[in-house]
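Single-structure report; data block below.
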Amino acid sequence: MGALMSAPPAGPQEGALPLGAAAPGAETAPSGLFAALIARDLRLAARRRADALLPIAFFTVAVSLFPFGIGPEAQTLRQIAPGIVWVAALLAAMISVTQLYALDLADGSLEQMLLASPPGLAIGLVAAKAAAHWLVTGLPLVIVAPLFGLMFDMQGVSIATLTFSLLLGTPILSLLGGLGAALTLGLRSGAALLILLIVPLCIPALIFGAGAVSQVDAGLSARGHLSLLGAFLIFTALMAPPATAAALRIATD
Amino acid sequence: MAVDSVGSLGTARQLSVQGLECRRGERSLFGAVSFVVHRGEIVWLRGANGQGKTSLLRTLAGLSAPEAGTIEWSEPPASRRLLYIAHANALKEDLSVTESLRFLLRLGGDAPADSVITASLERFGMASRRDAPVRTLSQGQRRRVALARLAAQREPSTWLLDEPFDALDATGIETLNAIIVEHARRGGSIVMTSHVPLTIAEPAPLVVMLESPVVA
């Protein structure tokens, strides 16, 4: 049982000390903290360029290798291009997301984020981490996707659909990837487990994203596929951050 | 058993811990512990290595769930101001000292001006390194930057400090002692662990000794 007693005074007594000259500024609005976390992660990515560029390098190499393996037949490449781009984007997101929370856990930042004031803000911070991950890895993929569309000899409208589907779908990969990173945080072989856990959850995005382009190629409307992809994005944006925050709490307990 | 005490400021209780037990895996860390923290009080958690001092602080912070017992705060979670400084300094190697401190203060709910950050760093003798990347700092300097969060505080909040004197030199210890005393005098409360004997005379720290659980 804990015992409580007065500690004997020891050492020199501190004299009357002035209050700290520093006074905290205005309270941080949750939106300000959300933006601050995104800015911090972007700054860190800019200072670790090699790590930040790895997903886009992987994406570029993976997509570029397919024509060498499959052959120069334009019709075949056009047909498989959406699937190749989407699978490469999915794998690029997975390899980059494994360290999303690991460094924050190691240096103690994660605990501080979970204790952020006001309480309950952890869900917003998780969303900010996913947003920063998307800005570093997802958005560049969206930007370079048209170039690969040209490389695969896709038509303009197909390239536009592919790009738009990636714009809707890559945030899903960041959100679900963040959930997987939280669930496997601190586990040995966590990266492998993350892929096993999260890739199946990403398959609807893959189907609707690549399917939208196939619809356009077939002369049909892509609206249905893109609507489903948008609905999946909304569902993931609502469900993944609370689940991720809960998983992080378990991981740090 | 709850052990109550009159706070050094004779003011309201901030935190009440009753019969708290913590567990790590299959191992119970310490016997049921009870204590009360009033505003203006310093509580010094003591115990052998592995006795559960860090676990107790993490439980008070809400990062871990207790095995048994209750923790009652005088304020509801929405208005509770808590500052937890752990073993790890929560600094990013690739950020500058100022960037790191600003972000940590933001997490605590403040939007500090540059002058506040500079003054806080100055308190710990780190103002001259404000633009240095954290990776270039020594362990003691990193600890000083992490502790500079305390110097920016003016509210009578609750501080949970886990071995705050680690890696500090004599000047750093003296500065930290002064900041802790200032905080207690403005009605803040401090629960801390330390293997270094406390040299704070007034308010006299109350010692909570963690003891091994009784094995039936």
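Letters A, B, ... go to the chains of the structure tokens in the order shown; residues in each chain start at 1; ligands are counted from 1 in the same order.
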Would you tabulate, counting only C-alpha atoms, all residues of stretch 86-139 of chain A that have an atom at most 12 Å from an atom of stretch 192-212 of chain A, showing the closest pair of atoms and their distance in Å to one decimal, sorted by chain then ascending number, as a tab-separated table?
```
residue	atom	partner	partner_atom	distance
A:Trp86	CA	A:Leu206	CA	6.2
A:Val87	CA	A:Leu206	CA	7.2
A:Ala88	CA	A:Leu206	CA	10.4
A:Ala89	CA	A:Leu206	CA	9.5
A:Leu90	CA	A:Cys202	CA	7.8
A:Leu91	CA	A:Val199	CA	8.5
A:Ala92	CA	A:Ile195	CA	11.3
A:Ala93	CA	A:Val199	CA	10.2
A:Met94	CA	A:Ile195	CA	6.7
A:Ile95	CA	A:Ile195	CA	8.6
A:Ser96	CA	A:Ile195	CA	11.2
A:Val97	CA	A:Leu194	CA	9.1
A:Thr98	CA	A:Leu194	CA	7.4
A:Gln99	CA	A:Leu194	CA	10.9
A:Leu100	CA	A:Leu194	CA	11.7
```
Requested in this report: Write out as a PyMOL selection string the residues lying within 6 Å of stretch 185-202 of chain B, counting only C-alpha atoms and excluding same-chain residues fewer than 3 positions away.
Outcome: (chain A and resi 9-11+13) or (chain B and resi 39-45+156-163+182)
Hey, can you spit out that residue selection with C-alpha atoms as an mmCIF file, in the first residue's frame?
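Output (part01.cif):
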```
data_model
loop_
_atom_site.group_PDB
_atom_site.id
_atom_site.type_symbol
_atom_site.label_atom_id
_atom_site.label_comp_id
_atom_site.auth_asym_id
_atom_site.auth_seq_id
_atom_site.Cartn_x
_atom_site.Cartn_y
_atom_site.Cartn_z
ATOM 1 C CA PRO A 9 13.366 19.590 3.259
ATOM 2 C CA ALA A 10 16.781 19.229 1.763
ATOM 3 C CA GLY A 11 19.187 21.467 0.012
ATOM 4 C CA GLN A 13 15.484 26.697 -0.392
ATOM 5 C CA ARG B 39 -3.720 22.515 -5.480
ATOM 6 C CA GLY B 40 -0.260 23.828 -4.749
ATOM 7 C CA GLU B 41 1.097 20.453 -3.733
ATOM 8 C CA ILE B 42 4.065 18.487 -4.971
ATOM 9 C CA VAL B 43 3.757 14.716 -4.764
ATOM 10 C CA TRP B 44 6.915 12.668 -5.162
ATOM 11 C CA LEU B 45 6.307 9.076 -6.251
ATOM 12 C CA PRO B 156 -2.553 26.220 -12.253
ATOM 13 C CA SER B 157 -2.742 22.937 -14.128
ATOM 14 C CA THR B 158 -1.604 19.481 -13.085
ATOM 15 C CA TRP B 159 1.846 18.390 -14.124
ATOM 16 C CA LEU B 160 2.831 14.741 -14.342
ATOM 17 C CA LEU B 161 6.610 14.574 -14.608
ATOM 18 C CA ASP B 162 8.446 11.315 -15.163
ATOM 19 C CA GLU B 163 12.069 11.575 -14.053
ATOM 20 C CA GLU B 182 6.483 28.776 -9.033
#
```
With 6 Å as the limit and counting only C-alpha atoms, what residues in chain B lie close to chain A? Please list them as a compact mmCIF listing (two decimals) with C-alpha atoms, in the first residue's frame.
```txt
# COMPACT_ATOMS: atom_id res chain seq x y z
CA GLY B 31 0.08 -2.72 -3.84
CA ALA B 32 -3.07 -0.63 -3.81
CA VAL B 33 -2.06 2.99 -3.51
CA LEU B 63 -2.77 6.60 -21.23
CA SER B 64 -3.23 3.31 -19.37
CA ALA B 88 10.86 10.31 -24.00
CA ALA B 90 8.71 13.93 -27.79
CA LEU B 107 -0.76 20.03 -28.40
CA GLY B 108 -1.21 21.30 -24.87
CA GLY B 109 -3.84 23.74 -26.07
CA ASP B 110 -1.77 26.91 -26.40
CA ALA B 111 -0.93 28.93 -29.48
CA PRO B 112 2.29 30.46 -28.27
CA ALA B 113 3.85 33.60 -29.68
CA VAL B 116 6.81 33.06 -25.33
CA ALA B 119 11.43 33.22 -23.11
CA ALA B 152 5.58 28.56 -20.80
CA THR B 199 15.91 19.67 -3.13
CA ALA B 201 12.07 22.84 0.56
CA PRO B 205 6.98 17.46 -1.32
CA LEU B 206 4.67 14.74 -0.10
CA VAL B 207 6.15 11.31 -0.67
CA VAL B 208 4.08 8.42 -1.94
CA MET B 209 6.06 5.23 -1.61
CA LEU B 210 5.14 2.44 -3.98
```
Query raised in the report: So which residues touch B:Arg129 within 10 Å, counting only C-alpha atoms, skipping near sequence neighbours fewer than 6 positions away, as a PyMOL selection string?
Result: chain B and resi 96-98+121-122+136-137+141+145
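DSSP annotation of stretch 29-151 of chain B from backbone atoms: strand (DSSP E) residues are Val33, Ser34, Phe35, Val36, Val37, His38, Ile42, Val43, Trp44, Leu45, Arg46, Ala68, Gly69, Thr70, Ile71, Glu72, Trp73, Leu82, Leu83, Tyr84, Ile85, Asp110 and Ala111 of chain B.
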Next, write the just-selected residues to a file, as an mmCIF file, in the first residue's frame, keeping C-alpha atoms as the atom set.
```cif
data_model
loop_
_atom_site.group_PDB
_atom_site.id
_atom_site.type_symbol
_atom_site.label_atom_id
_atom_site.label_comp_id
_atom_site.auth_asym_id
_atom_site.auth_seq_id
_atom_site.Cartn_x
_atom_site.Cartn_y
_atom_site.Cartn_z
ATOM 1 C CA VAL B 33 -2.056 2.994 -3.506
ATOM 2 C CA SER B 34 -4.186 5.895 -2.304
ATOM 3 C CA PHE B 35 -3.349 9.542 -2.081
ATOM 4 C CA VAL B 36 -4.839 12.966 -2.584
ATOM 5 C CA VAL B 37 -3.260 15.860 -4.432
ATOM 6 C CA HIS B 38 -4.353 19.376 -3.537
ATOM 7 C CA ILE B 42 4.065 18.487 -4.971
ATOM 8 C CA VAL B 43 3.757 14.716 -4.764
ATOM 9 C CA TRP B 44 6.915 12.668 -5.162
ATOM 10 C CA LEU B 45 6.307 9.076 -6.251
ATOM 11 C CA ARG B 46 9.066 6.845 -4.997
ATOM 12 C CA ALA B 68 -8.281 -1.653 -9.827
ATOM 13 C CA GLY B 69 -9.137 1.498 -7.921
ATOM 14 C CA THR B 70 -10.408 4.915 -8.867
ATOM 15 C CA ILE B 71 -8.965 8.225 -9.990
ATOM 16 C CA GLU B 72 -11.144 11.250 -9.355
ATOM 17 C CA TRP B 73 -10.305 14.646 -10.766
ATOM 18 C CA LEU B 82 -2.889 18.270 -17.735
ATOM 19 C CA LEU B 83 0.709 18.319 -18.815
ATOM 20 C CA TYR B 84 2.566 15.016 -18.957
ATOM 21 C CA ILE B 85 6.285 14.926 -19.595
ATOM 22 C CA ASP B 110 -1.765 26.907 -26.397
ATOM 23 C CA ALA B 111 -0.927 28.929 -29.483
#
```
Requested in this report: Name all residues at most 7 Å from A:Ala243 (count only C-alpha atoms; drop same-chain ones fewer than 4 positions away) and give them as a PyMOL selection string.
Outcome: chain A and resi 179+239+247
**Report entry** Atomic separation - atom CA of A:Thr244 relative to atom CA of A:Val142, Å
**Finding:** 24.7 Å
**Report entry** alpha helix (DSSP H) residues, from DSSP on the backbone, in stretch 82-180 of chain B, as a ChimeraX atom specification
**Finding:** /B:97-107,114-123,139-151,170-180
Put those residues in a file: N, CA and C atoms, as a short mmCIF file (atom, residue, chain, number, x, y, z; two decimals), in the first residue's frame.
```
data_model
loop_
_atom_site.label_atom_id
_atom_site.label_comp_id
_atom_site.auth_asym_id
_atom_site.auth_seq_id
_atom_site.Cartn_x
_atom_site.Cartn_y
_atom_site.Cartn_z
N VAL B 97 14.61 23.35 -32.65
CA VAL B 97 14.17 23.46 -31.25
C VAL B 97 12.87 24.25 -31.16
N THR B 98 12.81 25.38 -31.86
CA THR B 98 11.61 26.22 -31.81
C THR B 98 10.41 25.50 -32.40
N GLU B 99 10.60 24.87 -33.54
CA GLU B 99 9.49 24.15 -34.18
C GLU B 99 8.96 23.05 -33.27
N SER B 100 9.87 22.33 -32.64
CA SER B 100 9.45 21.24 -31.75
C SER B 100 8.67 21.77 -30.56
N LEU B 101 9.20 22.80 -29.94
CA LEU B 101 8.54 23.34 -28.75
C LEU B 101 7.18 23.95 -29.09
N ARG B 102 7.13 24.65 -30.22
CA ARG B 102 5.85 25.24 -30.63
C ARG B 102 4.78 24.18 -30.83
N PHE B 103 5.17 23.09 -31.46
CA PHE B 103 4.19 22.04 -31.71
C PHE B 103 3.72 21.40 -30.40
N LEU B 104 4.65 21.16 -29.49
CA LEU B 104 4.26 20.54 -28.21
C LEU B 104 3.35 21.47 -27.41
N LEU B 105 3.62 22.76 -27.46
CA LEU B 105 2.74 23.71 -26.76
C LEU B 105 1.37 23.75 -27.40
N ARG B 106 1.33 23.63 -28.71
CA ARG B 106 0.03 23.59 -29.40
C ARG B 106 -0.76 22.36 -28.98
N LEU B 107 -0.07 21.24 -28.84
CA LEU B 107 -0.76 20.03 -28.40
C LEU B 107 -1.37 20.22 -27.02
N ASP B 114 6.07 33.79 -30.61
CA ASP B 114 7.51 33.54 -30.66
C ASP B 114 8.20 34.00 -29.38
N SER B 115 7.71 35.14 -28.85
CA SER B 115 8.34 35.68 -27.64
C SER B 115 8.19 34.71 -26.46
N VAL B 116 7.04 34.03 -26.41
CA VAL B 116 6.81 33.06 -25.33
C VAL B 116 7.78 31.89 -25.46
N ILE B 117 7.94 31.43 -26.69
CA ILE B 117 8.84 30.30 -26.92
C ILE B 117 10.28 30.69 -26.59
N THR B 118 10.66 31.86 -27.02
CA THR B 118 12.04 32.31 -26.75
C THR B 118 12.27 32.46 -25.25
N ALA B 119 11.28 33.04 -24.56
CA ALA B 119 11.43 33.22 -23.11
C ALA B 119 11.52 31.88 -22.39
N SER B 120 10.73 30.92 -22.87
CA SER B 120 10.74 29.59 -22.24
C SER B 120 12.09 28.91 -22.45
N LEU B 121 12.62 29.05 -23.64
CA LEU B 121 13.93 28.45 -23.92
C LEU B 121 15.03 29.17 -23.14
N GLU B 122 14.86 30.47 -23.02
CA GLU B 122 15.84 31.27 -22.28
C GLU B 122 15.93 30.81 -20.83
N ARG B 123 14.77 30.46 -20.31
CA ARG B 123 14.72 30.01 -18.91
C ARG B 123 15.64 28.80 -18.71
N GLN B 139 21.81 14.97 -24.92
CA GLN B 139 20.64 14.46 -24.18
C GLN B 139 20.15 15.49 -23.17
N GLY B 140 21.10 16.12 -22.49
CA GLY B 140 20.71 17.12 -21.50
C GLY B 140 20.01 18.31 -22.13
N GLN B 141 20.50 18.72 -23.30
CA GLN B 141 19.86 19.85 -23.99
C GLN B 141 18.47 19.46 -24.48
N ARG B 142 18.32 18.25 -24.94
CA ARG B 142 16.99 17.79 -25.37
C ARG B 142 16.02 17.82 -24.19
N ARG B 143 16.51 17.38 -23.04
CA ARG B 143 15.65 17.37 -21.87
C ARG B 143 15.25 18.80 -21.52
N ARG B 144 16.18 19.71 -21.64
CA ARG B 144 15.88 21.11 -21.34
C ARG B 144 14.80 21.65 -22.28
N VAL B 145 14.89 21.29 -23.56
CA VAL B 145 13.88 21.76 -24.52
C VAL B 145 12.51 21.19 -24.16
N ALA B 146 12.49 19.89 -23.82
CA ALA B 146 11.21 19.27 -23.45
C ALA B 146 10.62 19.96 -22.21
N LEU B 147 11.50 20.28 -21.26
CA LEU B 147 11.03 20.89 -20.02
C LEU B 147 10.67 22.36 -20.19
N ALA B 148 11.12 22.96 -21.29
CA ALA B 148 10.78 24.37 -21.54
C ALA B 148 9.26 24.55 -21.67
N ARG B 149 8.56 23.46 -21.97
CA ARG B 149 7.08 23.54 -21.97
C ARG B 149 6.56 24.02 -20.63
N LEU B 150 7.23 23.60 -19.58
CA LEU B 150 6.77 23.99 -18.24
C LEU B 150 6.94 25.49 -18.02
N ALA B 151 8.02 26.03 -18.56
CA ALA B 151 8.29 27.46 -18.35
C ALA B 151 7.27 28.33 -19.07
N ALA B 170 23.58 20.61 -12.93
CA ALA B 170 23.17 21.30 -11.70
C ALA B 170 22.34 22.55 -12.01
N THR B 171 22.73 23.28 -13.05
CA THR B 171 21.97 24.49 -13.40
C THR B 171 20.57 24.13 -13.86
N GLY B 172 20.49 23.09 -14.66
CA GLY B 172 19.18 22.66 -15.15
C GLY B 172 18.28 22.22 -14.01
N ILE B 173 18.86 21.50 -13.05
CA ILE B 173 18.07 21.05 -11.89
C ILE B 173 17.57 22.25 -11.10
N GLU B 174 18.45 23.21 -10.92
CA GLU B 174 18.07 24.42 -10.17
C GLU B 174 16.93 25.16 -10.88
N THR B 175 17.03 25.28 -12.18
CA THR B 175 15.98 25.96 -12.95
C THR B 175 14.66 25.21 -12.85
N LEU B 176 14.74 23.90 -12.99
CA LEU B 176 13.51 23.11 -12.92
C LEU B 176 12.87 23.21 -11.54
N ASN B 177 13.70 23.14 -10.51
CA ASN B 177 13.16 23.30 -9.15
C ASN B 177 12.43 24.63 -9.02
N ALA B 178 13.03 25.68 -9.55
CA ALA B 178 12.41 27.01 -9.45
C ALA B 178 11.06 27.04 -10.17
N ILE B 179 11.00 26.42 -11.33
CA ILE B 179 9.75 26.43 -12.11
C ILE B 179 8.68 25.61 -11.40
N ILE B 180 9.08 24.51 -10.80
CA ILE B 180 8.12 23.68 -10.06
C ILE B 180 7.57 24.45 -8.87
#
```
All residues 12 Å or closer to A:Pro242, only C-alpha atoms, same chain fewer than 4 positions away omitted, as a PDB file with N, CA and C atoms, in the first residue's frame:
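Full text of out.pdb as output:
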```pdb
ATOM      1  N   GLY A 120     -10.433  14.233 -26.781  1.00  0.00           N
ATOM      2  CA  GLY A 120     -11.214  13.857 -27.952  1.00  0.00           C
ATOM      3  C   GLY A 120     -10.605  14.350 -29.239  1.00  0.00           C
ATOM      4  N   LEU A 121      -9.565  15.168 -29.088  1.00  0.00           N
ATOM      5  CA  LEU A 121      -8.925  15.727 -30.273  1.00  0.00           C
ATOM      6  C   LEU A 121      -8.094  14.687 -31.014  1.00  0.00           C
ATOM      7  N   ALA A 122      -7.835  13.575 -30.351  1.00  0.00           N
ATOM      8  CA  ALA A 122      -6.977  12.547 -30.955  1.00  0.00           C
ATOM      9  C   ALA A 122      -7.539  12.083 -32.303  1.00  0.00           C
ATOM     10  N   ILE A 123      -8.856  12.043 -32.423  1.00  0.00           N
ATOM     11  CA  ILE A 123      -9.458  11.594 -33.692  1.00  0.00           C
ATOM     12  C   ILE A 123      -9.109  12.586 -34.797  1.00  0.00           C
ATOM     13  N   GLY A 124      -9.168  13.860 -34.478  1.00  0.00           N
ATOM     14  CA  GLY A 124      -8.805  14.877 -35.463  1.00  0.00           C
ATOM     15  C   GLY A 124      -7.333  14.799 -35.838  1.00  0.00           C
ATOM     16  N   LEU A 125      -6.499  14.480 -34.848  1.00  0.00           N
ATOM     17  CA  LEU A 125      -5.064  14.380 -35.134  1.00  0.00           C
ATOM     18  C   LEU A 125      -4.765  13.166 -36.010  1.00  0.00           C
ATOM     19  N   VAL A 126      -5.508  12.092 -35.792  1.00  0.00           N
ATOM     20  CA  VAL A 126      -5.363  10.904 -36.645  1.00  0.00           C
ATOM     21  C   VAL A 126      -5.748  11.266 -38.082  1.00  0.00           C
ATOM     22  N   ALA A 127      -6.827  12.016 -38.214  1.00  0.00           N
ATOM     23  CA  ALA A 127      -7.244  12.460 -39.551  1.00  0.00           C
ATOM     24  C   ALA A 127      -6.176  13.351 -40.180  1.00  0.00           C
ATOM     25  N   LEU A 175      -6.199   6.527 -45.337  1.00  0.00           N
ATOM     26  CA  LEU A 175      -7.006   6.333 -44.125  1.00  0.00           C
ATOM     27  C   LEU A 175      -6.949   4.887 -43.642  1.00  0.00           C
ATOM     28  N   LEU A 176      -7.140   3.946 -44.572  1.00  0.00           N
ATOM     29  CA  LEU A 176      -7.100   2.536 -44.175  1.00  0.00           C
ATOM     30  C   LEU A 176      -5.680   2.110 -43.824  1.00  0.00           C
ATOM     31  N   GLY A 178      -3.465   4.019 -42.436  1.00  0.00           N
ATOM     32  CA  GLY A 178      -3.245   4.538 -41.084  1.00  0.00           C
ATOM     33  C   GLY A 178      -3.859   3.624 -40.035  1.00  0.00           C
ATOM     34  N   LEU A 179      -5.033   3.095 -40.348  1.00  0.00           N
ATOM     35  CA  LEU A 179      -5.671   2.150 -39.416  1.00  0.00           C
ATOM     36  C   LEU A 179      -4.795   0.902 -39.258  1.00  0.00           C
ATOM     37  N   ALA A 182      -1.778   1.617 -37.162  1.00  0.00           N
ATOM     38  CA  ALA A 182      -2.104   1.700 -35.732  1.00  0.00           C
ATOM     39  C   ALA A 182      -2.340   0.312 -35.146  1.00  0.00           C
ATOM     40  N   PHE A 235     -17.423   6.933 -46.195  1.00  0.00           N
ATOM     41  CA  PHE A 235     -17.533   5.911 -45.141  1.00  0.00           C
ATOM     42  C   PHE A 235     -16.193   5.742 -44.417  1.00  0.00           C
ATOM     43  N   THR A 236     -15.126   5.664 -45.195  1.00  0.00           N
ATOM     44  CA  THR A 236     -13.800   5.478 -44.597  1.00  0.00           C
ATOM     45  C   THR A 236     -13.393   6.697 -43.783  1.00  0.00           C
ATOM     46  N   ALA A 237     -13.697   7.894 -44.302  1.00  0.00           N
ATOM     47  CA  ALA A 237     -13.324   9.117 -43.581  1.00  0.00           C
ATOM     48  C   ALA A 237     -14.051   9.218 -42.245  1.00  0.00           C
ATOM     49  N   LEU A 238     -15.270   8.653 -42.191  1.00  0.00           N
ATOM     50  CA  LEU A 238     -16.022   8.707 -40.934  1.00  0.00           C
ATOM     51  C   LEU A 238     -15.599   7.610 -39.959  1.00  0.00           C
ATOM     52  N   ALA A 246      -8.594   4.615 -31.481  1.00  0.00           N
ATOM     53  CA  ALA A 246      -8.773   3.556 -30.479  1.00  0.00           C
ATOM     54  C   ALA A 246      -7.621   2.555 -30.543  1.00  0.00           C
ATOM     55  N   ALA A 247      -7.211   2.208 -31.758  1.00  0.00           N
ATOM     56  CA  ALA A 247      -6.095   1.260 -31.913  1.00  0.00           C
ATOM     57  C   ALA A 247      -4.800   1.847 -31.355  1.00  0.00           C
ATOM     58  N   LEU A 248      -4.606   3.148 -31.530  1.00  0.00           N
ATOM     59  CA  LEU A 248      -3.395   3.786 -31.006  1.00  0.00           C
ATOM     60  C   LEU A 248      -3.399   3.776 -29.481  1.00  0.00           C
ATOM     61  N   ARG A 249      -4.564   3.988 -28.903  1.00  0.00           N
ATOM     62  CA  ARG A 249      -4.662   3.961 -27.439  1.00  0.00           C
ATOM     63  C   ARG A 249      -4.296   2.574 -26.919  1.00  0.00           C
TER      64      ARG A 249
END
```
Query raised in the report: Between A:Gly186, A:Pro241, A:Gly230, A:Gly224, which has the minimum distance to A:Tyr101 (counting only C-alpha atoms)?
Result: A:Gly186
Report task. Find, counting only C-alpha atoms, the residue in A:Phe148, A:Phe232, A:Phe66, A:Phe59 that gets nearest to A:Leu162. Result -> A:Phe148
